[in-house]
>>> print(open('run.cif').read())   # mmCIF, N, CA and C atoms
data_structure
loop_
_atom_site.label_atom_id
_atom_site.label_comp_id
_atom_site.auth_asym_id
_atom_site.auth_seq_id
_atom_site.Cartn_x
_atom_site.Cartn_y
_atom_site.Cartn_z
N MET A 23 0.63 2.36 -14.39
CA MET A 23 1.75 3.18 -13.98
C MET A 23 1.88 3.10 -12.46
N THR A 24 3.05 2.72 -12.01
CA THR A 24 3.31 2.62 -10.58
C THR A 24 4.21 3.78 -10.14
N ILE A 25 4.32 3.91 -8.84
CA ILE A 25 5.23 4.89 -8.26
C ILE A 25 6.19 4.16 -7.33
N HIS A 26 7.23 4.85 -6.89
CA HIS A 26 8.20 4.25 -5.98
C HIS A 26 7.83 4.52 -4.53
N GLN A 27 7.92 3.46 -3.76
CA GLN A 27 7.68 3.53 -2.32
C GLN A 27 8.93 3.01 -1.61
N LEU A 28 9.26 3.61 -0.50
CA LEU A 28 10.36 3.11 0.32
C LEU A 28 9.80 2.17 1.38
N SER A 29 10.46 1.04 1.55
CA SER A 29 10.14 0.12 2.65
C SER A 29 11.38 0.07 3.53
N ILE A 30 11.21 0.49 4.76
CA ILE A 30 12.33 0.65 5.68
C ILE A 30 12.14 -0.32 6.84
N PHE A 31 13.15 -1.11 7.11
CA PHE A 31 13.08 -2.09 8.18
C PHE A 31 13.71 -1.48 9.42
N ILE A 32 12.91 -1.41 10.48
CA ILE A 32 13.38 -0.78 11.72
C ILE A 32 13.09 -1.70 12.90
N GLU A 33 14.03 -1.74 13.83
CA GLU A 33 13.83 -2.52 15.04
C GLU A 33 12.80 -1.82 15.92
N ASN A 34 12.06 -2.63 16.67
CA ASN A 34 11.09 -2.08 17.62
C ASN A 34 11.80 -1.71 18.91
N ARG A 35 12.53 -0.61 18.85
CA ARG A 35 13.18 -0.09 20.04
C ARG A 35 13.31 1.42 19.89
N SER A 36 13.42 2.07 21.00
CA SER A 36 13.47 3.52 21.03
C SER A 36 14.62 4.07 20.19
N GLY A 37 14.31 5.09 19.38
CA GLY A 37 15.33 5.79 18.62
C GLY A 37 15.51 5.34 17.19
N THR A 38 14.96 4.19 16.79
CA THR A 38 15.20 3.72 15.42
C THR A 38 14.39 4.50 14.40
N LEU A 39 13.17 4.86 14.72
CA LEU A 39 12.35 5.64 13.79
C LEU A 39 12.91 7.06 13.62
N ILE A 40 13.37 7.63 14.69
CA ILE A 40 13.89 9.00 14.61
C ILE A 40 15.15 9.06 13.74
N LYS A 41 15.92 7.99 13.70
CA LYS A 41 17.10 7.94 12.82
C LYS A 41 16.66 8.12 11.36
N VAL A 42 15.58 7.45 10.98
CA VAL A 42 15.04 7.55 9.62
C VAL A 42 14.52 8.96 9.37
N LEU A 43 13.71 9.45 10.28
CA LEU A 43 13.10 10.77 10.11
C LEU A 43 14.15 11.88 10.09
N ASP A 44 15.16 11.76 10.92
CA ASP A 44 16.23 12.77 10.92
C ASP A 44 17.02 12.75 9.62
N ALA A 45 17.28 11.56 9.08
CA ALA A 45 18.01 11.46 7.81
C ALA A 45 17.23 12.13 6.69
N LEU A 46 15.93 11.92 6.66
CA LEU A 46 15.10 12.56 5.64
C LEU A 46 15.04 14.07 5.86
N LYS A 47 14.95 14.47 7.11
CA LYS A 47 14.93 15.91 7.43
C LYS A 47 16.22 16.58 6.97
N GLU A 48 17.35 15.97 7.28
CA GLU A 48 18.64 16.54 6.90
C GLU A 48 18.79 16.64 5.39
N ALA A 49 18.17 15.72 4.66
CA ALA A 49 18.24 15.73 3.19
C ALA A 49 17.16 16.61 2.58
N ASN A 50 16.32 17.21 3.43
CA ASN A 50 15.24 18.07 2.97
C ASN A 50 14.26 17.33 2.04
N ILE A 51 13.91 16.11 2.45
CA ILE A 51 12.98 15.28 1.70
C ILE A 51 11.66 15.25 2.46
N GLN A 52 10.58 15.57 1.77
CA GLN A 52 9.25 15.66 2.37
C GLN A 52 8.53 14.31 2.30
N ILE A 53 7.96 13.89 3.41
CA ILE A 53 7.13 12.69 3.45
C ILE A 53 5.72 13.08 3.02
N ILE A 54 5.18 12.32 2.07
CA ILE A 54 3.83 12.59 1.56
C ILE A 54 2.81 11.71 2.27
N ALA A 55 3.13 10.43 2.44
CA ALA A 55 2.25 9.48 3.13
C ALA A 55 3.12 8.38 3.71
N SER A 56 2.66 7.79 4.82
CA SER A 56 3.44 6.71 5.41
C SER A 56 2.56 5.84 6.30
N THR A 57 3.07 4.65 6.56
CA THR A 57 2.40 3.72 7.46
C THR A 57 3.46 2.80 8.06
N ILE A 58 3.19 2.30 9.25
CA ILE A 58 4.10 1.34 9.90
C ILE A 58 3.31 0.09 10.22
N ALA A 59 3.87 -1.05 9.82
CA ALA A 59 3.35 -2.35 10.20
C ALA A 59 4.41 -2.98 11.09
N ASP A 60 3.99 -3.54 12.22
CA ASP A 60 5.01 -4.06 13.13
C ASP A 60 4.77 -5.51 13.51
N THR A 61 5.85 -6.14 13.94
CA THR A 61 5.84 -7.45 14.56
C THR A 61 6.49 -7.26 15.93
N ALA A 62 6.76 -8.34 16.60
CA ALA A 62 7.35 -8.22 17.94
C ALA A 62 8.76 -7.62 17.90
N ASP A 63 9.52 -7.91 16.86
CA ASP A 63 10.93 -7.50 16.84
C ASP A 63 11.26 -6.34 15.92
N TYR A 64 10.49 -6.14 14.87
CA TYR A 64 10.82 -5.09 13.92
C TYR A 64 9.55 -4.55 13.28
N GLY A 65 9.70 -3.43 12.61
CA GLY A 65 8.60 -2.83 11.89
C GLY A 65 9.00 -2.56 10.46
N ILE A 66 8.02 -2.45 9.60
CA ILE A 66 8.25 -2.03 8.23
C ILE A 66 7.57 -0.68 8.08
N TYR A 67 8.38 0.33 7.85
CA TYR A 67 7.91 1.69 7.68
C TYR A 67 7.86 1.95 6.18
N ARG A 68 6.65 2.03 5.64
CA ARG A 68 6.47 2.28 4.21
C ARG A 68 6.14 3.74 4.02
N LEU A 69 6.81 4.36 3.04
CA LEU A 69 6.52 5.77 2.84
C LEU A 69 6.67 6.19 1.38
N ILE A 70 5.87 7.18 1.06
CA ILE A 70 5.91 7.87 -0.21
C ILE A 70 6.50 9.24 0.11
N CYS A 71 7.49 9.66 -0.68
CA CYS A 71 8.14 10.93 -0.37
C CYS A 71 8.43 11.71 -1.65
N SER A 72 8.93 12.91 -1.45
CA SER A 72 9.14 13.83 -2.57
C SER A 72 10.23 13.38 -3.53
N GLU A 73 11.23 12.69 -3.08
CA GLU A 73 12.32 12.25 -3.94
C GLU A 73 12.74 10.83 -3.54
N PRO A 74 12.01 9.83 -3.98
CA PRO A 74 12.25 8.47 -3.48
C PRO A 74 13.65 7.91 -3.78
N MET A 75 14.18 8.15 -4.94
CA MET A 75 15.51 7.61 -5.28
C MET A 75 16.59 8.23 -4.39
N ARG A 76 16.52 9.54 -4.25
CA ARG A 76 17.51 10.23 -3.41
C ARG A 76 17.32 9.83 -1.95
N ALA A 77 16.07 9.70 -1.52
CA ALA A 77 15.79 9.28 -0.15
C ALA A 77 16.38 7.91 0.13
N CYS A 78 16.24 7.01 -0.82
CA CYS A 78 16.80 5.66 -0.66
C CYS A 78 18.32 5.74 -0.49
N ASP A 79 18.97 6.53 -1.32
CA ASP A 79 20.42 6.69 -1.22
C ASP A 79 20.83 7.30 0.12
N GLU A 80 20.12 8.34 0.53
CA GLU A 80 20.44 9.01 1.80
C GLU A 80 20.28 8.06 2.99
N LEU A 81 19.21 7.28 2.97
CA LEU A 81 18.97 6.34 4.08
C LEU A 81 20.02 5.24 4.10
N LYS A 82 20.40 4.74 2.95
CA LYS A 82 21.46 3.72 2.90
C LYS A 82 22.76 4.29 3.46
N ARG A 83 23.07 5.55 3.11
CA ARG A 83 24.28 6.20 3.65
C ARG A 83 24.21 6.33 5.17
N ALA A 84 23.00 6.46 5.70
CA ALA A 84 22.82 6.58 7.15
C ALA A 84 22.78 5.22 7.84
N GLY A 85 22.97 4.14 7.06
CA GLY A 85 22.99 2.80 7.65
C GLY A 85 21.62 2.20 7.89
N VAL A 86 20.63 2.69 7.17
CA VAL A 86 19.25 2.20 7.33
C VAL A 86 18.97 1.14 6.26
N ALA A 87 18.34 0.05 6.66
CA ALA A 87 17.95 -1.01 5.72
C ALA A 87 16.68 -0.54 4.99
N VAL A 88 16.82 -0.28 3.69
CA VAL A 88 15.72 0.28 2.90
C VAL A 88 15.66 -0.39 1.55
N ALA A 89 14.46 -0.52 1.02
CA ALA A 89 14.26 -1.08 -0.31
C ALA A 89 13.22 -0.24 -1.05
N LEU A 90 13.37 -0.17 -2.37
CA LEU A 90 12.38 0.49 -3.22
C LEU A 90 11.42 -0.56 -3.76
N SER A 91 10.16 -0.23 -3.80
CA SER A 91 9.17 -1.12 -4.41
C SER A 91 8.20 -0.27 -5.22
N GLU A 92 7.41 -0.95 -6.03
CA GLU A 92 6.44 -0.25 -6.87
C GLU A 92 5.04 -0.49 -6.32
N VAL A 93 4.29 0.61 -6.23
CA VAL A 93 2.90 0.56 -5.76
C VAL A 93 2.05 1.42 -6.69
N PHE A 94 0.76 1.22 -6.61
CA PHE A 94 -0.18 2.04 -7.36
C PHE A 94 -0.76 3.10 -6.43
N VAL A 95 -1.11 4.23 -7.01
CA VAL A 95 -1.87 5.26 -6.29
C VAL A 95 -3.03 5.63 -7.20
N ILE A 96 -4.24 5.50 -6.67
CA ILE A 96 -5.42 5.93 -7.42
C ILE A 96 -6.20 6.94 -6.59
N ALA A 97 -6.84 7.85 -7.29
CA ALA A 97 -7.68 8.86 -6.64
C ALA A 97 -9.12 8.38 -6.65
N ILE A 98 -9.81 8.60 -5.55
CA ILE A 98 -11.22 8.25 -5.45
C ILE A 98 -11.97 9.45 -4.88
N ASP A 99 -13.27 9.49 -5.15
CA ASP A 99 -14.10 10.54 -4.58
C ASP A 99 -14.11 10.40 -3.06
N ASN A 100 -14.19 11.51 -2.38
CA ASN A 100 -14.23 11.53 -0.92
C ASN A 100 -15.68 11.29 -0.46
N GLU A 101 -16.13 10.07 -0.68
CA GLU A 101 -17.49 9.67 -0.30
C GLU A 101 -17.43 8.28 0.31
N PRO A 102 -18.30 7.99 1.27
CA PRO A 102 -18.33 6.65 1.86
C PRO A 102 -18.52 5.58 0.79
N GLY A 103 -17.74 4.51 0.89
CA GLY A 103 -17.88 3.37 0.01
C GLY A 103 -17.03 3.37 -1.24
N ARG A 104 -16.36 4.50 -1.55
CA ARG A 104 -15.57 4.56 -2.79
C ARG A 104 -14.35 3.65 -2.72
N ALA A 105 -13.73 3.52 -1.55
CA ALA A 105 -12.59 2.60 -1.41
C ALA A 105 -13.06 1.16 -1.62
N ALA A 106 -14.21 0.83 -1.08
CA ALA A 106 -14.77 -0.51 -1.27
C ALA A 106 -15.03 -0.78 -2.74
N ASP A 107 -15.56 0.19 -3.46
CA ASP A 107 -15.81 0.02 -4.89
C ASP A 107 -14.51 -0.26 -5.64
N ALA A 108 -13.48 0.47 -5.31
CA ALA A 108 -12.20 0.29 -6.00
C ALA A 108 -11.61 -1.08 -5.70
N VAL A 109 -11.58 -1.45 -4.44
CA VAL A 109 -11.00 -2.74 -4.06
C VAL A 109 -11.81 -3.90 -4.65
N LYS A 110 -13.12 -3.73 -4.72
CA LYS A 110 -13.98 -4.79 -5.28
C LYS A 110 -13.60 -5.11 -6.73
N ALA A 111 -13.22 -4.10 -7.51
CA ALA A 111 -12.84 -4.34 -8.91
C ALA A 111 -11.63 -5.27 -8.99
N PHE A 112 -10.68 -5.10 -8.09
CA PHE A 112 -9.50 -5.98 -8.08
C PHE A 112 -9.87 -7.37 -7.56
N SER A 113 -10.67 -7.40 -6.54
CA SER A 113 -11.09 -8.68 -5.96
C SER A 113 -11.85 -9.52 -6.98
N GLN A 114 -12.74 -8.90 -7.72
CA GLN A 114 -13.52 -9.63 -8.73
C GLN A 114 -12.64 -10.16 -9.86
N ALA A 115 -11.47 -9.56 -10.05
CA ALA A 115 -10.52 -10.01 -11.07
C ALA A 115 -9.48 -10.97 -10.48
N ASP A 116 -9.70 -11.40 -9.24
CA ASP A 116 -8.77 -12.29 -8.53
C ASP A 116 -7.35 -11.72 -8.41
N ILE A 117 -7.28 -10.42 -8.20
CA ILE A 117 -6.00 -9.76 -7.95
C ILE A 117 -5.94 -9.45 -6.46
N ASP A 118 -4.90 -9.96 -5.81
CA ASP A 118 -4.73 -9.74 -4.38
C ASP A 118 -4.12 -8.37 -4.13
N ILE A 119 -4.65 -7.68 -3.16
CA ILE A 119 -4.02 -6.46 -2.66
C ILE A 119 -3.26 -6.89 -1.41
N THR A 120 -1.94 -6.81 -1.48
CA THR A 120 -1.12 -7.32 -0.38
C THR A 120 -1.07 -6.35 0.80
N TYR A 121 -1.18 -5.06 0.53
CA TYR A 121 -1.37 -4.06 1.58
C TYR A 121 -1.87 -2.78 0.94
N MET A 122 -2.44 -1.93 1.78
CA MET A 122 -3.00 -0.67 1.30
C MET A 122 -2.99 0.34 2.44
N TYR A 123 -2.79 1.59 2.08
CA TYR A 123 -2.99 2.69 3.01
C TYR A 123 -3.51 3.87 2.21
N SER A 124 -4.00 4.88 2.89
CA SER A 124 -4.65 5.96 2.17
C SER A 124 -4.49 7.27 2.92
N PHE A 125 -4.82 8.35 2.20
CA PHE A 125 -4.88 9.67 2.82
C PHE A 125 -5.77 10.55 1.98
N LEU A 126 -6.18 11.67 2.54
CA LEU A 126 -7.00 12.64 1.83
C LEU A 126 -6.14 13.80 1.37
N ASN A 127 -6.44 14.29 0.17
CA ASN A 127 -5.77 15.47 -0.35
C ASN A 127 -6.76 16.24 -1.20
N GLU A 128 -6.94 17.50 -0.86
CA GLU A 128 -7.84 18.37 -1.60
C GLU A 128 -9.20 17.71 -1.85
N ASN A 129 -9.76 17.16 -0.80
CA ASN A 129 -11.10 16.57 -0.81
C ASN A 129 -11.25 15.37 -1.74
N ARG A 130 -10.17 14.64 -1.94
CA ARG A 130 -10.26 13.36 -2.65
C ARG A 130 -9.39 12.36 -1.90
N GLY A 131 -9.80 11.12 -1.98
CA GLY A 131 -9.03 10.07 -1.34
C GLY A 131 -7.94 9.56 -2.27
N LEU A 132 -6.81 9.23 -1.71
CA LEU A 132 -5.74 8.60 -2.48
C LEU A 132 -5.44 7.26 -1.83
N LEU A 133 -5.62 6.19 -2.61
CA LEU A 133 -5.34 4.84 -2.14
C LEU A 133 -3.98 4.41 -2.68
N ILE A 134 -3.12 4.00 -1.79
CA ILE A 134 -1.80 3.49 -2.15
C ILE A 134 -1.84 1.99 -1.86
N PHE A 135 -1.51 1.17 -2.86
CA PHE A 135 -1.61 -0.27 -2.65
C PHE A 135 -0.63 -1.04 -3.52
N ARG A 136 -0.33 -2.25 -3.06
CA ARG A 136 0.52 -3.17 -3.80
C ARG A 136 -0.30 -4.40 -4.12
N THR A 137 -0.10 -4.93 -5.32
CA THR A 137 -0.84 -6.11 -5.73
C THR A 137 0.13 -7.26 -6.05
N ASN A 138 -0.45 -8.42 -6.26
CA ASN A 138 0.35 -9.58 -6.65
C ASN A 138 0.54 -9.66 -8.16
N ASP A 139 -0.08 -8.72 -8.92
CA ASP A 139 0.02 -8.76 -10.38
C ASP A 139 -0.15 -7.35 -10.93
N ASN A 140 0.97 -6.63 -11.10
CA ASN A 140 0.91 -5.24 -11.54
C ASN A 140 0.32 -5.09 -12.95
N GLU A 141 0.64 -6.01 -13.82
CA GLU A 141 0.14 -5.91 -15.19
C GLU A 141 -1.38 -6.02 -15.24
N ARG A 142 -1.93 -7.01 -14.56
CA ARG A 142 -3.38 -7.16 -14.54
C ARG A 142 -4.04 -6.03 -13.76
N ALA A 143 -3.40 -5.56 -12.71
CA ALA A 143 -3.95 -4.43 -11.95
C ALA A 143 -4.06 -3.20 -12.83
N GLN A 144 -3.05 -2.97 -13.67
CA GLN A 144 -3.10 -1.83 -14.59
C GLN A 144 -4.28 -1.97 -15.54
N GLN A 145 -4.54 -3.19 -16.01
CA GLN A 145 -5.67 -3.43 -16.90
C GLN A 145 -7.00 -3.14 -16.21
N ILE A 146 -7.12 -3.51 -14.94
CA ILE A 146 -8.35 -3.26 -14.18
C ILE A 146 -8.52 -1.75 -13.97
N ILE A 147 -7.44 -1.07 -13.66
CA ILE A 147 -7.50 0.39 -13.48
C ILE A 147 -8.00 1.05 -14.75
N THR A 148 -7.46 0.65 -15.87
CA THR A 148 -7.86 1.22 -17.16
C THR A 148 -9.31 0.86 -17.50
N ALA A 149 -9.66 -0.41 -17.34
CA ALA A 149 -11.01 -0.88 -17.69
C ALA A 149 -12.09 -0.22 -16.85
N ASN A 150 -11.75 0.16 -15.61
CA ASN A 150 -12.73 0.76 -14.71
C ASN A 150 -12.61 2.28 -14.64
N ASN A 151 -11.85 2.86 -15.55
CA ASN A 151 -11.67 4.32 -15.61
C ASN A 151 -11.25 4.92 -14.27
N MET A 152 -10.38 4.21 -13.55
CA MET A 152 -9.88 4.73 -12.29
C MET A 152 -8.81 5.77 -12.59
N GLN A 153 -8.75 6.79 -11.77
CA GLN A 153 -7.76 7.85 -11.96
C GLN A 153 -6.46 7.47 -11.26
N ILE A 154 -5.47 7.13 -12.05
CA ILE A 154 -4.18 6.77 -11.49
C ILE A 154 -3.36 8.04 -11.29
N ILE A 155 -2.59 8.05 -10.22
CA ILE A 155 -1.78 9.22 -9.87
C ILE A 155 -0.32 8.88 -10.15
N SER A 156 0.34 9.73 -10.90
CA SER A 156 1.75 9.51 -11.24
C SER A 156 2.66 9.98 -10.10
N GLU A 157 3.91 9.55 -10.17
CA GLU A 157 4.88 10.00 -9.18
C GLU A 157 5.07 11.52 -9.26
N GLU A 158 5.06 12.05 -10.46
CA GLU A 158 5.22 13.50 -10.64
C GLU A 158 4.05 14.26 -10.00
N ALA A 159 2.84 13.73 -10.18
CA ALA A 159 1.66 14.38 -9.59
C ALA A 159 1.73 14.34 -8.07
N LEU A 160 2.18 13.24 -7.51
CA LEU A 160 2.32 13.15 -6.05
C LEU A 160 3.37 14.12 -5.55
N GLN A 161 4.47 14.23 -6.26
CA GLN A 161 5.54 15.14 -5.83
C GLN A 161 5.09 16.59 -5.89
N SER A 162 4.12 16.88 -6.72
CA SER A 162 3.62 18.25 -6.79
C SER A 162 2.76 18.62 -5.57
N LEU A 163 2.41 17.62 -4.75
CA LEU A 163 1.63 17.90 -3.56
C LEU A 163 2.45 18.58 -2.48
N VAL A 164 3.77 18.48 -2.58
CA VAL A 164 4.63 19.04 -1.52
C VAL A 164 5.14 20.41 -1.91
#
>>> encode(input="run.cif", output="structure tokens")
Amino acid sequence: MTIHQLSIFIENRSGTLIKVLDALKEANIQIIASTIADTADYGIYRLICSEPMRACDELKRAGVAVALSEVFVIAIDNEPGRAADAVKAFSQADIDITYMYSFLNENRGLLIFRTNDNERAQQIITANNMQIISEEALQSLV
């Protein structure tokens, strides 16, 4: 089971990030987790939010280049090495994690990641009894 993530393309210049944040603020959409990866000319702002479909529509109306993608969210114990254990299961199955970010919530880690093979990743999650987090469960955090 995957959740929806927004990928927002923003130029590396003053004021472009605030346009995104203001649009979400005006729509009363809560950001749950986010990360920015940048190059010399632009950045990719990836975020998980309270209402991803509506957020996508609102951002498009504001003239922001945005795309929806599917990512996994799994919960791990808040102990050193648990992220390594989780990633190792995918690595041993030859599943690439193309990117990952994380945050803590109520003393547990939440790993958000995208793979090159969602179907096989789901099988690894199930086979290793990993706790997958649904979109509904994430939205209940806000």
>>> select_by_dssp(input="run.cif", residues="chain A", states="strand (DSSP E)", output="VMD selection string")
chain A and resid 25 to 33 53 to 60 64 to 71 87 to 99 119 to 127 130 to 137 153 to 154
>>> resolve_selection(input="run.cif", expression="the PyMOL selection byres ((chain A and resi 86) around 8)", output="PyMOL selection string")
chain A and resi 30-32+41-42+80-85+87-89
>>> resolve_selection(input="run.cif", expression="the PyMOL selection byres ((chain A and resi 132) around 6.5)", output="ChimeraX atom specification")
/A:95-98,123-127,130-131,133-134
>>> closest_residue(input="run.cif", among="A:Ser91, A:Asn150, A:Gln161, A:Thr137", to="Ala55 of chain A", atoms="only C-alpha atoms")
A:Gln161
>>> closest_residue(input="run.cif", among="A:Leu160, A:Ile117, A:Met23, A:Met122", to="Gln144 of chain A", atoms="all atoms listed in the file")
A:Met23
>>> atom_distance(input="run.cif", atom1="atom C of Phe112 of chain A", atom2="atom C of Glu128 of chain A")
25.7 Å
>>> closest_residue(input="run.cif", among="A:Ile40, A:Asp99, A:Val109, A:Ile53", to="Asn129 of chain A", atoms="only N, CA and C atoms")
A:Asp99
>>> atom_distance(input="run.cif", atom1="atom C of Arg68 of chain A", atom2="atom C of Ser162 of chain A")
18.0 Å
>>> closest_residue(input="run.cif", among="A:Cys71, A:Ala77, A:Ala143, A:Leu163", to="Asp118 of chain A", atoms="only C-alpha atoms")
A:Ala143
>>> residues_near_point(input="run.cif", point="(4.0, 7.6, -6.4)", cutoff="5 Å", atoms="all atoms listed in the file", output="number ranges by chain")
A: 25-26, 156-157
>>> closest_residue(input="run.cif", among="A:Ser72, A:Met152, A:Asn138, A:Thr24", to="Asn50 of chain A", atoms="all atoms listed in the file")
A:Ser72
>>> decode(input="run.cif", residues="segment 62-116 of chain A", atoms="C-alpha atoms", output="short mmCIF file (atom, residue, chain, number, x, y, z; two decimals), in the first residue's frame")
data_model
loop_
_atom_site.label_atom_id
_atom_site.label_comp_id
_atom_site.auth_asym_id
_atom_site.auth_seq_id
_atom_site.Cartn_x
_atom_site.Cartn_y
_atom_site.Cartn_z
CA ALA A 62 22.13 24.50 -9.46
CA ASP A 63 18.98 25.75 -11.18
CA TYR A 64 15.99 24.15 -9.49
CA GLY A 65 14.86 22.10 -6.54
CA ILE A 66 12.42 19.28 -6.04
CA TYR A 67 10.31 19.85 -2.96
CA ARG A 68 8.74 16.55 -1.94
CA LEU A 69 6.02 16.60 0.66
CA ILE A 70 3.41 14.54 2.40
CA CYS A 71 0.37 16.56 3.42
CA SER A 72 -3.09 16.28 4.89
CA GLU A 73 -4.97 16.36 1.57
CA PRO A 74 -2.64 15.49 -1.31
CA MET A 75 -5.19 15.50 -4.15
CA ARG A 76 -6.63 18.86 -3.15
CA ALA A 77 -3.13 20.23 -2.54
CA CYS A 78 -2.12 19.20 -6.04
CA ASP A 79 -5.14 21.00 -7.51
CA GLU A 80 -4.55 24.13 -5.42
CA LEU A 81 -0.88 24.30 -6.40
CA LYS A 82 -1.68 23.85 -10.10
CA ARG A 83 -4.20 26.71 -9.81
CA ALA A 84 -1.42 28.82 -8.29
CA GLY A 85 0.79 28.11 -11.32
CA VAL A 86 3.13 25.70 -9.53
CA ALA A 87 4.62 22.72 -11.40
CA VAL A 88 3.54 19.74 -9.28
CA ALA A 89 3.17 16.00 -9.75
CA LEU A 90 1.69 13.22 -7.63
CA SER A 91 3.71 10.08 -7.04
CA GLU A 92 3.37 6.98 -4.92
CA VAL A 93 5.70 6.26 -2.01
CA PHE A 94 5.77 3.85 0.90
CA VAL A 95 5.70 4.82 4.56
CA ILE A 96 6.76 2.28 7.15
CA ALA A 97 7.00 2.64 10.91
CA ILE A 98 10.15 1.53 12.71
CA ASP A 99 11.16 1.43 16.35
CA ASN A 100 12.93 4.56 17.55
CA GLU A 101 16.22 2.74 18.13
CA PRO A 102 19.63 3.05 16.47
CA GLY A 103 19.99 0.77 13.45
CA ARG A 104 16.30 0.16 12.72
CA ALA A 105 16.41 2.19 9.48
CA ALA A 106 19.44 0.17 8.39
CA ASP A 107 17.57 -3.07 9.11
CA ALA A 108 14.62 -1.95 7.00
CA VAL A 109 16.70 -0.76 4.07
CA LYS A 110 18.80 -3.94 4.17
CA ALA A 111 15.69 -6.06 3.50
CA PHE A 112 15.09 -4.17 0.24
CA SER A 113 18.75 -4.20 -0.71
CA GLN A 114 19.00 -7.96 -0.23
CA ALA A 115 16.02 -8.35 -2.58
CA ASP A 116 17.74 -6.14 -5.21
#
